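**Student:** target.txt is the file, holding compact mmCIF, N, CA and C atoms:
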# COMPACT_ATOMS: atom_id res chain seq x y z
N THR W 1 -25.21 27.77 13.48
CA THR W 1 -24.08 27.28 12.71
C THR W 1 -24.57 26.32 11.63
N VAL W 2 -23.71 26.05 10.68
CA VAL W 2 -24.06 25.07 9.65
C VAL W 2 -24.30 23.72 10.31
N LYS W 3 -23.46 23.38 11.28
CA LYS W 3 -23.64 22.12 12.01
C LYS W 3 -24.97 22.11 12.74
N GLY W 4 -25.32 23.23 13.38
CA GLY W 4 -26.60 23.32 14.09
C GLY W 4 -27.79 23.14 13.15
N LEU W 5 -27.68 23.69 11.95
CA LEU W 5 -28.73 23.54 10.95
C LEU W 5 -28.87 22.08 10.55
N MET W 6 -27.75 21.42 10.30
CA MET W 6 -27.79 20.01 9.93
C MET W 6 -28.34 19.16 11.08
N ASP W 7 -27.90 19.46 12.30
CA ASP W 7 -28.40 18.71 13.46
C ASP W 7 -29.91 18.88 13.62
N ALA W 8 -30.41 20.10 13.38
CA ALA W 8 -31.86 20.34 13.49
C ALA W 8 -32.62 19.55 12.42
N ALA W 9 -32.08 19.49 11.22
CA ALA W 9 -32.73 18.73 10.15
C ALA W 9 -32.77 17.24 10.48
N VAL W 10 -31.69 16.73 11.07
CA VAL W 10 -31.63 15.32 11.46
C VAL W 10 -32.60 15.06 12.61
N ALA W 11 -32.62 15.95 13.61
CA ALA W 11 -33.47 15.76 14.79
C ALA W 11 -34.95 15.83 14.43
N LYS W 12 -35.27 16.53 13.37
CA LYS W 12 -36.66 16.66 12.94
C LYS W 12 -37.25 15.30 12.61
N GLY W 13 -36.38 14.38 12.20
CA GLY W 13 -36.82 13.02 11.92
C GLY W 13 -37.60 12.91 10.63
N PRO W 14 -38.19 11.74 10.40
CA PRO W 14 -38.94 11.53 9.16
C PRO W 14 -40.05 12.56 9.02
N GLU W 15 -40.21 13.08 7.81
CA GLU W 15 -41.27 14.05 7.55
C GLU W 15 -41.95 13.70 6.23
N PRO W 16 -43.16 14.19 6.04
CA PRO W 16 -43.84 13.92 4.76
C PRO W 16 -43.01 14.43 3.60
N ARG W 17 -43.05 13.72 2.50
CA ARG W 17 -42.27 14.09 1.33
C ARG W 17 -42.97 15.20 0.55
N PRO W 18 -42.20 16.02 -0.15
CA PRO W 18 -42.82 17.11 -0.93
C PRO W 18 -43.57 16.58 -2.15
N ASN W 19 -44.31 17.45 -2.77
CA ASN W 19 -45.02 17.16 -4.02
C ASN W 19 -46.03 16.02 -3.88
N ASN W 20 -46.57 15.85 -2.69
CA ASN W 20 -47.57 14.80 -2.43
C ASN W 20 -47.04 13.40 -2.70
N ASP W 21 -45.71 13.22 -2.68
CA ASP W 21 -45.16 11.88 -2.82
C ASP W 21 -45.55 11.05 -1.61
N PRO W 22 -45.78 9.74 -1.79
CA PRO W 22 -46.11 8.90 -0.64
C PRO W 22 -44.89 8.68 0.24
N GLY W 23 -45.15 8.37 1.49
CA GLY W 23 -44.07 8.00 2.40
C GLY W 23 -43.39 9.18 3.05
N THR W 24 -42.27 8.90 3.68
CA THR W 24 -41.51 9.92 4.40
C THR W 24 -40.07 9.92 3.93
N GLN W 25 -39.37 10.98 4.29
CA GLN W 25 -37.94 11.09 4.01
C GLN W 25 -37.25 11.55 5.29
N SER W 26 -36.02 11.14 5.48
CA SER W 26 -35.24 11.64 6.61
C SER W 26 -33.81 11.87 6.14
N LEU W 27 -33.13 12.74 6.84
CA LEU W 27 -31.79 13.17 6.48
C LEU W 27 -30.82 12.80 7.58
N GLY W 28 -29.58 12.53 7.23
CA GLY W 28 -28.56 12.27 8.23
C GLY W 28 -27.19 12.59 7.67
N TYR W 29 -26.21 12.64 8.56
CA TYR W 29 -24.84 12.85 8.11
C TYR W 29 -23.88 12.22 9.10
N ILE W 30 -22.68 11.95 8.62
CA ILE W 30 -21.60 11.44 9.45
C ILE W 30 -20.49 12.47 9.39
N SER W 31 -20.06 12.93 10.56
CA SER W 31 -19.04 13.97 10.64
C SER W 31 -17.72 13.37 11.09
N LEU W 32 -16.65 13.77 10.42
CA LEU W 32 -15.30 13.36 10.78
C LEU W 32 -14.42 14.59 10.81
N ALA W 33 -13.18 14.45 11.24
CA ALA W 33 -12.24 15.57 11.17
C ALA W 33 -11.96 15.85 9.71
N GLY W 34 -12.14 17.11 9.30
CA GLY W 34 -11.92 17.49 7.92
C GLY W 34 -10.45 17.67 7.62
N THR W 35 -10.16 18.17 6.43
CA THR W 35 -8.77 18.33 5.99
C THR W 35 -8.01 19.34 6.85
N LYS W 36 -8.72 20.24 7.52
CA LYS W 36 -8.07 21.22 8.39
C LYS W 36 -8.22 20.84 9.87
N GLY W 37 -8.66 19.60 10.15
CA GLY W 37 -8.79 19.11 11.51
C GLY W 37 -10.10 19.51 12.19
N GLU W 38 -10.92 20.31 11.55
CA GLU W 38 -12.20 20.73 12.10
C GLU W 38 -13.26 19.68 11.77
N PRO W 39 -14.32 19.56 12.60
CA PRO W 39 -15.39 18.62 12.24
C PRO W 39 -16.02 19.02 10.91
N SER W 40 -16.31 18.03 10.11
CA SER W 40 -16.85 18.28 8.78
C SER W 40 -17.65 17.07 8.33
N PRO W 41 -18.76 17.28 7.61
CA PRO W 41 -19.51 16.12 7.12
C PRO W 41 -18.69 15.31 6.12
N ALA W 42 -18.60 14.03 6.34
CA ALA W 42 -17.91 13.15 5.41
C ALA W 42 -18.92 12.44 4.52
N THR W 43 -20.11 12.20 5.06
CA THR W 43 -21.19 11.53 4.32
C THR W 43 -22.50 12.23 4.64
N ILE W 44 -23.30 12.49 3.63
CA ILE W 44 -24.65 13.00 3.82
C ILE W 44 -25.58 12.00 3.15
N TYR W 45 -26.65 11.63 3.86
CA TYR W 45 -27.54 10.61 3.32
C TYR W 45 -29.01 10.98 3.55
N ALA W 46 -29.86 10.40 2.73
CA ALA W 46 -31.31 10.55 2.85
C ALA W 46 -31.93 9.17 2.75
N ALA W 47 -32.91 8.92 3.60
CA ALA W 47 -33.61 7.64 3.60
C ALA W 47 -35.05 7.88 3.16
N TYR W 48 -35.52 7.06 2.23
CA TYR W 48 -36.89 7.14 1.72
C TYR W 48 -37.57 5.81 1.98
N ASP W 49 -38.78 5.84 2.52
CA ASP W 49 -39.47 4.59 2.82
C ASP W 49 -40.50 4.20 1.75
N ALA W 50 -40.48 4.91 0.61
CA ALA W 50 -41.37 4.56 -0.51
C ALA W 50 -40.69 4.98 -1.80
N ASP W 51 -41.04 4.33 -2.90
CA ASP W 51 -40.50 4.70 -4.21
C ASP W 51 -40.89 6.15 -4.52
N PHE W 52 -40.11 6.83 -5.36
CA PHE W 52 -40.42 8.22 -5.69
C PHE W 52 -39.89 8.57 -7.07
N THR W 53 -40.37 9.69 -7.59
CA THR W 53 -39.98 10.18 -8.91
C THR W 53 -39.45 11.59 -8.74
N ARG W 54 -38.34 11.91 -9.40
CA ARG W 54 -37.75 13.26 -9.33
C ARG W 54 -37.29 13.68 -10.72
N GLY W 55 -37.22 14.98 -10.90
CA GLY W 55 -36.69 15.55 -12.13
C GLY W 55 -36.72 17.05 -12.05
N ALA W 56 -35.68 17.69 -12.54
CA ALA W 56 -35.62 19.14 -12.56
C ALA W 56 -36.63 19.67 -13.58
N PRO W 57 -37.13 20.88 -13.35
CA PRO W 57 -38.07 21.46 -14.32
C PRO W 57 -37.50 21.42 -15.74
N GLY W 58 -38.30 20.96 -16.68
CA GLY W 58 -37.88 20.90 -18.07
C GLY W 58 -37.06 19.67 -18.42
N GLU W 59 -36.77 18.82 -17.45
CA GLU W 59 -36.00 17.60 -17.71
C GLU W 59 -36.88 16.37 -17.50
N ALA W 60 -36.44 15.25 -18.05
CA ALA W 60 -37.17 14.00 -17.87
C ALA W 60 -37.15 13.61 -16.39
N ARG W 61 -38.26 13.07 -15.94
CA ARG W 61 -38.34 12.62 -14.55
C ARG W 61 -37.83 11.18 -14.47
N ARG W 62 -37.22 10.84 -13.34
CA ARG W 62 -36.68 9.49 -13.13
C ARG W 62 -37.36 8.85 -11.94
N ASP W 63 -37.51 7.54 -12.02
CA ASP W 63 -38.07 6.77 -10.91
C ASP W 63 -36.93 6.26 -10.04
N TYR W 64 -37.11 6.34 -8.73
CA TYR W 64 -36.13 5.86 -7.76
C TYR W 64 -36.81 4.90 -6.80
N SER W 65 -36.08 3.88 -6.39
CA SER W 65 -36.60 2.92 -5.42
C SER W 65 -36.39 3.44 -4.01
N LYS W 66 -37.26 3.01 -3.11
CA LYS W 66 -37.09 3.39 -1.71
C LYS W 66 -35.74 2.87 -1.22
N GLY W 67 -35.22 3.48 -0.19
CA GLY W 67 -33.95 3.04 0.35
C GLY W 67 -33.10 4.18 0.85
N LEU W 68 -31.84 3.89 1.07
CA LEU W 68 -30.88 4.85 1.59
C LEU W 68 -30.00 5.34 0.44
N TYR W 69 -29.94 6.65 0.28
CA TYR W 69 -29.10 7.28 -0.75
C TYR W 69 -28.05 8.10 -0.03
N ARG W 70 -26.77 7.88 -0.39
CA ARG W 70 -25.71 8.61 0.31
C ARG W 70 -24.65 9.06 -0.67
N LEU W 71 -24.03 10.17 -0.31
CA LEU W 71 -22.87 10.68 -1.04
C LEU W 71 -21.78 10.92 -0.01
N SER W 72 -20.58 10.43 -0.31
CA SER W 72 -19.49 10.51 0.65
C SER W 72 -18.25 11.14 0.05
N GLU W 73 -17.49 11.79 0.93
CA GLU W 73 -16.17 12.27 0.53
C GLU W 73 -15.27 11.07 0.28
N ASP W 74 -14.26 11.28 -0.53
CA ASP W 74 -13.24 10.26 -0.74
C ASP W 74 -11.91 10.99 -0.85
N THR W 75 -11.23 11.10 0.28
CA THR W 75 -9.95 11.81 0.29
C THR W 75 -8.77 10.85 0.32
N LEU W 76 -9.05 9.55 0.28
CA LEU W 76 -7.97 8.57 0.46
C LEU W 76 -7.71 7.70 -0.76
N SER W 77 -8.28 8.02 -1.90
CA SER W 77 -8.08 7.17 -3.09
C SER W 77 -6.62 7.21 -3.53
N LEU W 78 -5.92 6.16 -3.23
CA LEU W 78 -4.50 6.09 -3.57
C LEU W 78 -4.32 5.96 -5.07
N GLY W 79 -3.40 6.70 -5.61
CA GLY W 79 -3.10 6.63 -7.02
C GLY W 79 -4.11 7.35 -7.90
N SER W 80 -5.17 7.84 -7.31
CA SER W 80 -6.19 8.55 -8.09
C SER W 80 -5.73 9.98 -8.35
N PRO W 81 -6.05 10.53 -9.53
CA PRO W 81 -5.64 11.90 -9.82
C PRO W 81 -6.53 12.95 -9.15
N SER W 82 -7.57 12.52 -8.41
CA SER W 82 -8.46 13.48 -7.77
C SER W 82 -9.01 12.92 -6.47
N TYR W 83 -9.65 13.78 -5.70
CA TYR W 83 -10.35 13.36 -4.50
C TYR W 83 -11.66 14.16 -4.45
N THR W 84 -12.62 13.68 -3.64
CA THR W 84 -13.90 14.39 -3.52
C THR W 84 -14.07 14.87 -2.09
N VAL W 85 -14.64 16.07 -1.95
CA VAL W 85 -14.89 16.66 -0.63
C VAL W 85 -16.24 17.39 -0.66
N TRP W 86 -16.89 17.43 0.49
CA TRP W 86 -18.09 18.24 0.64
C TRP W 86 -17.67 19.68 0.78
N GLN W 87 -18.41 20.55 0.12
CA GLN W 87 -18.15 21.99 0.18
C GLN W 87 -19.50 22.67 0.36
N TYR W 88 -19.53 23.72 1.17
CA TYR W 88 -20.80 24.44 1.32
C TYR W 88 -20.58 25.93 1.19
N TYR W 89 -21.63 26.59 0.75
CA TYR W 89 -21.65 28.04 0.65
C TYR W 89 -22.75 28.56 1.55
N ILE W 90 -22.47 29.63 2.26
CA ILE W 90 -23.46 30.26 3.13
C ILE W 90 -23.91 31.55 2.45
N LEU W 91 -25.20 31.65 2.22
CA LEU W 91 -25.77 32.83 1.57
C LEU W 91 -26.65 33.56 2.58
N LYS W 92 -26.24 34.75 3.00
CA LYS W 92 -26.99 35.55 3.96
C LYS W 92 -28.16 36.22 3.25
N GLY W 93 -29.31 36.19 3.88
CA GLY W 93 -30.49 36.79 3.27
C GLY W 93 -30.86 36.12 1.97
N GLY W 94 -30.32 34.95 1.73
CA GLY W 94 -30.64 34.20 0.53
C GLY W 94 -29.75 34.46 -0.66
N ASP W 95 -28.94 35.57 -0.64
CA ASP W 95 -28.16 35.85 -1.85
C ASP W 95 -26.77 36.44 -1.63
N ARG W 96 -26.39 36.84 -0.41
CA ARG W 96 -25.06 37.42 -0.18
C ARG W 96 -24.11 36.33 0.31
N LEU W 97 -23.14 35.99 -0.52
CA LEU W 97 -22.21 34.91 -0.21
C LEU W 97 -21.28 35.32 0.94
N VAL W 98 -21.20 34.48 1.97
CA VAL W 98 -20.36 34.77 3.14
C VAL W 98 -18.94 34.27 2.94
N ASN W 99 -18.79 33.02 2.54
CA ASN W 99 -17.46 32.44 2.39
C ASN W 99 -16.95 32.69 0.96
N LEU W 100 -16.56 33.95 0.71
CA LEU W 100 -16.08 34.37 -0.61
C LEU W 100 -14.79 33.66 -0.99
N ASN W 101 -14.58 33.48 -2.27
CA ASN W 101 -13.37 32.86 -2.81
C ASN W 101 -13.09 31.50 -2.17
N ASN W 102 -14.17 30.78 -1.89
CA ASN W 102 -14.05 29.45 -1.27
C ASN W 102 -13.31 29.47 0.05
N ALA W 103 -13.40 30.59 0.78
CA ALA W 103 -12.73 30.69 2.08
C ALA W 103 -13.27 29.60 2.99
N PHE W 104 -12.37 29.04 3.78
CA PHE W 104 -12.74 27.97 4.70
C PHE W 104 -13.50 28.55 5.89
N VAL W 105 -14.73 28.11 6.08
CA VAL W 105 -15.53 28.49 7.24
C VAL W 105 -15.85 27.19 7.98
N PRO W 106 -15.29 27.02 9.19
CA PRO W 106 -15.54 25.76 9.92
C PRO W 106 -17.03 25.47 10.09
N PHE W 107 -17.37 24.23 9.97
CA PHE W 107 -18.72 23.71 10.05
C PHE W 107 -19.44 24.17 11.32
N ASN W 108 -18.68 24.29 12.43
CA ASN W 108 -19.28 24.63 13.71
C ASN W 108 -18.87 26.02 14.21
N ASP W 109 -18.37 26.88 13.33
CA ASP W 109 -17.92 28.22 13.70
C ASP W 109 -19.13 29.08 14.07
N GLU W 110 -19.16 29.58 15.30
CA GLU W 110 -20.32 30.33 15.79
C GLU W 110 -20.39 31.74 15.25
N THR W 111 -19.32 32.23 14.64
CA THR W 111 -19.34 33.58 14.08
C THR W 111 -19.58 33.55 12.59
N ASP W 112 -18.66 32.95 11.84
CA ASP W 112 -18.76 32.96 10.38
C ASP W 112 -19.78 31.98 9.83
N ALA W 113 -20.10 30.93 10.58
CA ALA W 113 -21.05 29.93 10.09
C ALA W 113 -22.40 30.07 10.78
N ALA W 114 -22.68 31.24 11.37
CA ALA W 114 -23.98 31.47 12.01
C ALA W 114 -25.06 31.52 10.93
N ILE W 115 -26.15 30.82 11.17
CA ILE W 115 -27.25 30.76 10.22
C ILE W 115 -28.47 31.41 10.85
N GLU W 116 -29.11 32.31 10.10
CA GLU W 116 -30.30 33.00 10.58
C GLU W 116 -31.45 32.75 9.61
N ASP W 117 -32.66 33.19 10.00
CA ASP W 117 -33.81 33.07 9.10
C ASP W 117 -33.47 33.71 7.76
N ASN W 118 -33.94 33.11 6.70
CA ASN W 118 -33.74 33.55 5.31
C ASN W 118 -32.33 33.33 4.78
N ASP W 119 -31.44 32.73 5.56
CA ASP W 119 -30.13 32.36 5.04
C ASP W 119 -30.27 31.01 4.34
N ARG W 120 -29.35 30.73 3.43
CA ARG W 120 -29.34 29.43 2.75
C ARG W 120 -27.95 28.82 2.85
N VAL W 121 -27.91 27.51 2.86
CA VAL W 121 -26.65 26.77 2.79
C VAL W 121 -26.76 25.89 1.55
N VAL W 122 -25.80 26.02 0.65
CA VAL W 122 -25.78 25.24 -0.58
C VAL W 122 -24.64 24.24 -0.46
N TRP W 123 -24.96 22.96 -0.56
CA TRP W 123 -23.96 21.89 -0.46
C TRP W 123 -23.59 21.40 -1.84
N ARG W 124 -22.28 21.09 -2.02
CA ARG W 124 -21.80 20.46 -3.26
C ARG W 124 -20.77 19.40 -2.88
N LEU W 125 -20.80 18.30 -3.59
CA LEU W 125 -19.75 17.29 -3.47
C LEU W 125 -18.87 17.50 -4.69
N VAL W 126 -17.65 17.98 -4.47
CA VAL W 126 -16.80 18.37 -5.60
C VAL W 126 -15.59 17.46 -5.71
N SER W 127 -15.14 17.28 -6.95
CA SER W 127 -13.89 16.57 -7.21
C SER W 127 -12.79 17.59 -7.40
N VAL W 128 -11.66 17.34 -6.76
CA VAL W 128 -10.52 18.25 -6.82
C VAL W 128 -9.34 17.48 -7.41
N LEU W 129 -8.73 18.05 -8.44
CA LEU W 129 -7.55 17.41 -9.01
C LEU W 129 -6.36 17.62 -8.07
N LYS W 130 -5.62 16.56 -7.85
CA LYS W 130 -4.41 16.66 -7.03
C LYS W 130 -3.29 17.23 -7.88
N ASN W 131 -2.34 17.89 -7.22
CA ASN W 131 -1.16 18.28 -7.99
C ASN W 131 -0.33 17.04 -8.21
N SER W 132 0.54 17.04 -9.18
CA SER W 132 1.27 15.82 -9.56
C SER W 132 2.15 15.32 -8.43
N GLU W 133 2.73 16.21 -7.63
CA GLU W 133 3.58 15.78 -6.51
C GLU W 133 2.77 15.00 -5.48
N GLU W 134 1.55 15.49 -5.17
CA GLU W 134 0.68 14.82 -4.22
C GLU W 134 0.25 13.45 -4.75
N ALA W 135 -0.10 13.39 -6.04
CA ALA W 135 -0.51 12.12 -6.65
C ALA W 135 0.64 11.12 -6.65
N ASP W 136 1.87 11.60 -6.96
CA ASP W 136 3.03 10.72 -6.96
C ASP W 136 3.31 10.18 -5.56
N LEU W 137 3.17 11.04 -4.52
CA LEU W 137 3.41 10.63 -3.15
C LEU W 137 2.41 9.55 -2.74
N GLN W 138 1.14 9.74 -3.07
CA GLN W 138 0.14 8.73 -2.73
C GLN W 138 0.40 7.43 -3.48
N ALA W 139 0.76 7.52 -4.74
CA ALA W 139 1.03 6.32 -5.51
C ALA W 139 2.23 5.57 -4.93
N SER W 140 3.27 6.30 -4.52
CA SER W 140 4.45 5.63 -3.96
C SER W 140 4.10 4.98 -2.63
N ARG W 141 3.26 5.62 -1.81
CA ARG W 141 2.84 5.01 -0.54
C ARG W 141 2.08 3.72 -0.79
N ARG W 142 1.25 3.69 -1.83
CA ARG W 142 0.48 2.49 -2.12
C ARG W 142 1.40 1.34 -2.49
N TYR W 143 2.44 1.61 -3.30
CA TYR W 143 3.30 0.54 -3.76
C TYR W 143 4.33 0.13 -2.71
N LEU W 144 4.60 1.02 -1.72
CA LEU W 144 5.57 0.68 -0.69
C LEU W 144 4.96 -0.09 0.45
N SER W 145 3.64 -0.06 0.58
CA SER W 145 3.04 -0.73 1.73
C SER W 145 2.55 -2.11 1.39
As structure tokens, please, write out the structure in this file.
**Tutor:**
Amino acid sequence: TVKGLMDAAVAKGPEPRPNNDPGTQSLGYISLAGTKGEPSPATIYAAYDADFTRGAPGEARRDYSKGLYRLSEDTLSLGSPSYTVWQYYILKGGDRLVNLNNAFVPFNDETDAAIEDNDRVVWRLVSVLKNSEEADLQASRRYLS
């Protein structure tokens, strides 16, 4: 499952960093009940015990300080026109998309979220615009409390 894959990455613990960078890196996540009540990552983080440099091919490289880097969902921003959620895609054999049309596949689903060798999971933290009725309801709750 996607959850099993994440758990295995966390259990692996600190490992040498790629590209001959000094130090180690480790991965972790915090899971909460998602928007559909299923367990879902709310925060994904990486810890680095040494400074490092990163950059996509063809782009300028940036220096980063050692420490904890995290990205979190934000589904509770009152009055905000948007919210952020973690979204993942499962690619079978590396290229066949399983959750087509953004279909919801539970994080721990043993059938649809089964991960095998050569499969990939692509994570994105996306911002979603709320519809105006939802935004108005949240704004009114903020001012009424």
**Student:** Point out the residue among W:Leu68, W:Val121, W:Asp49, W:Thr1 with the least atom-to-atom distance to Gly28 (chain W), counting only C-alpha atoms.
**Tutor:**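 Result for the nearest residue to Gly28 (chain W): W:Leu68.
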**Student:** Could you pull out the alpha helix (DSSP H) residues of region 10-134 of chain W from DSSP and send them as a list in words?
**Tutor:**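 Put together, the selection reads Val10, Ala11, Ser132, Glu133 and Glu134 of chain W.
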**Student:** Could you name the residues that touch Tyr69 (chain W) at 8 Å or less, counting only C-alpha atoms, but leaving out those on the same chain fewer than 2 positions away, as a VMD selection string?
**Tutor:** chain W and resid 45 to 47 67 71
**Student:** Using only N, CA and C atoms, determine which residues lie at most 8 Å from Asp109 (chain W), disregarding the query and same-chain residues fewer than 3 positions distant; provide the list as a PyMOL selection string.
**Tutor:** chain W and resi 1-4+105-106+112-115
**Student:** Would you list the contacts of Ser26 (chain W) as number ranges by chain, taking every protein, DNA or RNA residue within 9 Å and counting only C-alpha atoms, but skipping same-chain residues closer than 5 positions in sequence?
**Tutor:** W: 9-10, 12-15, 45-48
**Student:** Please dump the current selection as an mmCIF file, keeping the file's coordinate frame; keep N, CA and C atoms.
**Tutor:**
data_model
loop_
_atom_site.group_PDB
_atom_site.id
_atom_site.type_symbol
_atom_site.label_atom_id
_atom_site.label_comp_id
_atom_site.auth_asym_id
_atom_site.auth_seq_id
_atom_site.Cartn_x
_atom_site.Cartn_y
_atom_site.Cartn_z
ATOM 1 N N ALA W 9 -32.080 19.490 11.220
ATOM 2 C CA ALA W 9 -32.730 18.730 10.150
ATOM 3 C C ALA W 9 -32.770 17.240 10.480
ATOM 4 N N VAL W 10 -31.690 16.730 11.070
ATOM 5 C CA VAL W 10 -31.630 15.320 11.460
ATOM 6 C C VAL W 10 -32.600 15.060 12.610
ATOM 7 N N LYS W 12 -35.270 16.530 13.370
ATOM 8 C CA LYS W 12 -36.660 16.660 12.940
ATOM 9 C C LYS W 12 -37.250 15.300 12.610
ATOM 10 N N GLY W 13 -36.380 14.380 12.200
ATOM 11 C CA GLY W 13 -36.820 13.020 11.920
ATOM 12 C C GLY W 13 -37.600 12.910 10.630
ATOM 13 N N PRO W 14 -38.190 11.740 10.400
ATOM 14 C CA PRO W 14 -38.940 11.530 9.160
ATOM 15 C C PRO W 14 -40.050 12.560 9.020
ATOM 16 N N GLU W 15 -40.210 13.080 7.810
ATOM 17 C CA GLU W 15 -41.270 14.050 7.550
ATOM 18 C C GLU W 15 -41.950 13.700 6.230
ATOM 19 N N TYR W 45 -26.650 11.630 3.860
ATOM 20 C CA TYR W 45 -27.540 10.610 3.320
ATOM 21 C C TYR W 45 -29.010 10.980 3.550
ATOM 22 N N ALA W 46 -29.860 10.400 2.730
ATOM 23 C CA ALA W 46 -31.310 10.550 2.850
ATOM 24 C C ALA W 46 -31.930 9.170 2.750
ATOM 25 N N ALA W 47 -32.910 8.920 3.600
ATOM 26 C CA ALA W 47 -33.610 7.640 3.600
ATOM 27 C C ALA W 47 -35.050 7.880 3.160
ATOM 28 N N TYR W 48 -35.520 7.060 2.230
ATOM 29 C CA TYR W 48 -36.890 7.140 1.720
ATOM 30 C C TYR W 48 -37.570 5.810 1.980
#
**Student:** Residues proximal to (-12.9, 11.9, 2.8) were defined as those with any atom within 7 Å of that point in the file's coordinates, counting only N, CA and C atoms. Which are they, as a list in words?
**Tutor:** Ala42, Ser72, Glu73, Asp74, Thr75, Leu76, Thr84 and Val85 of chain W
**Student:** By how many Å are atom N of Leu125 (chain W) and CA of Gly37 (chain W) apart?
**Tutor:**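 If I compute the distance from atom N of Leu125 (chain W) to CA of Gly37 (chain W), I get 19.3 Å.
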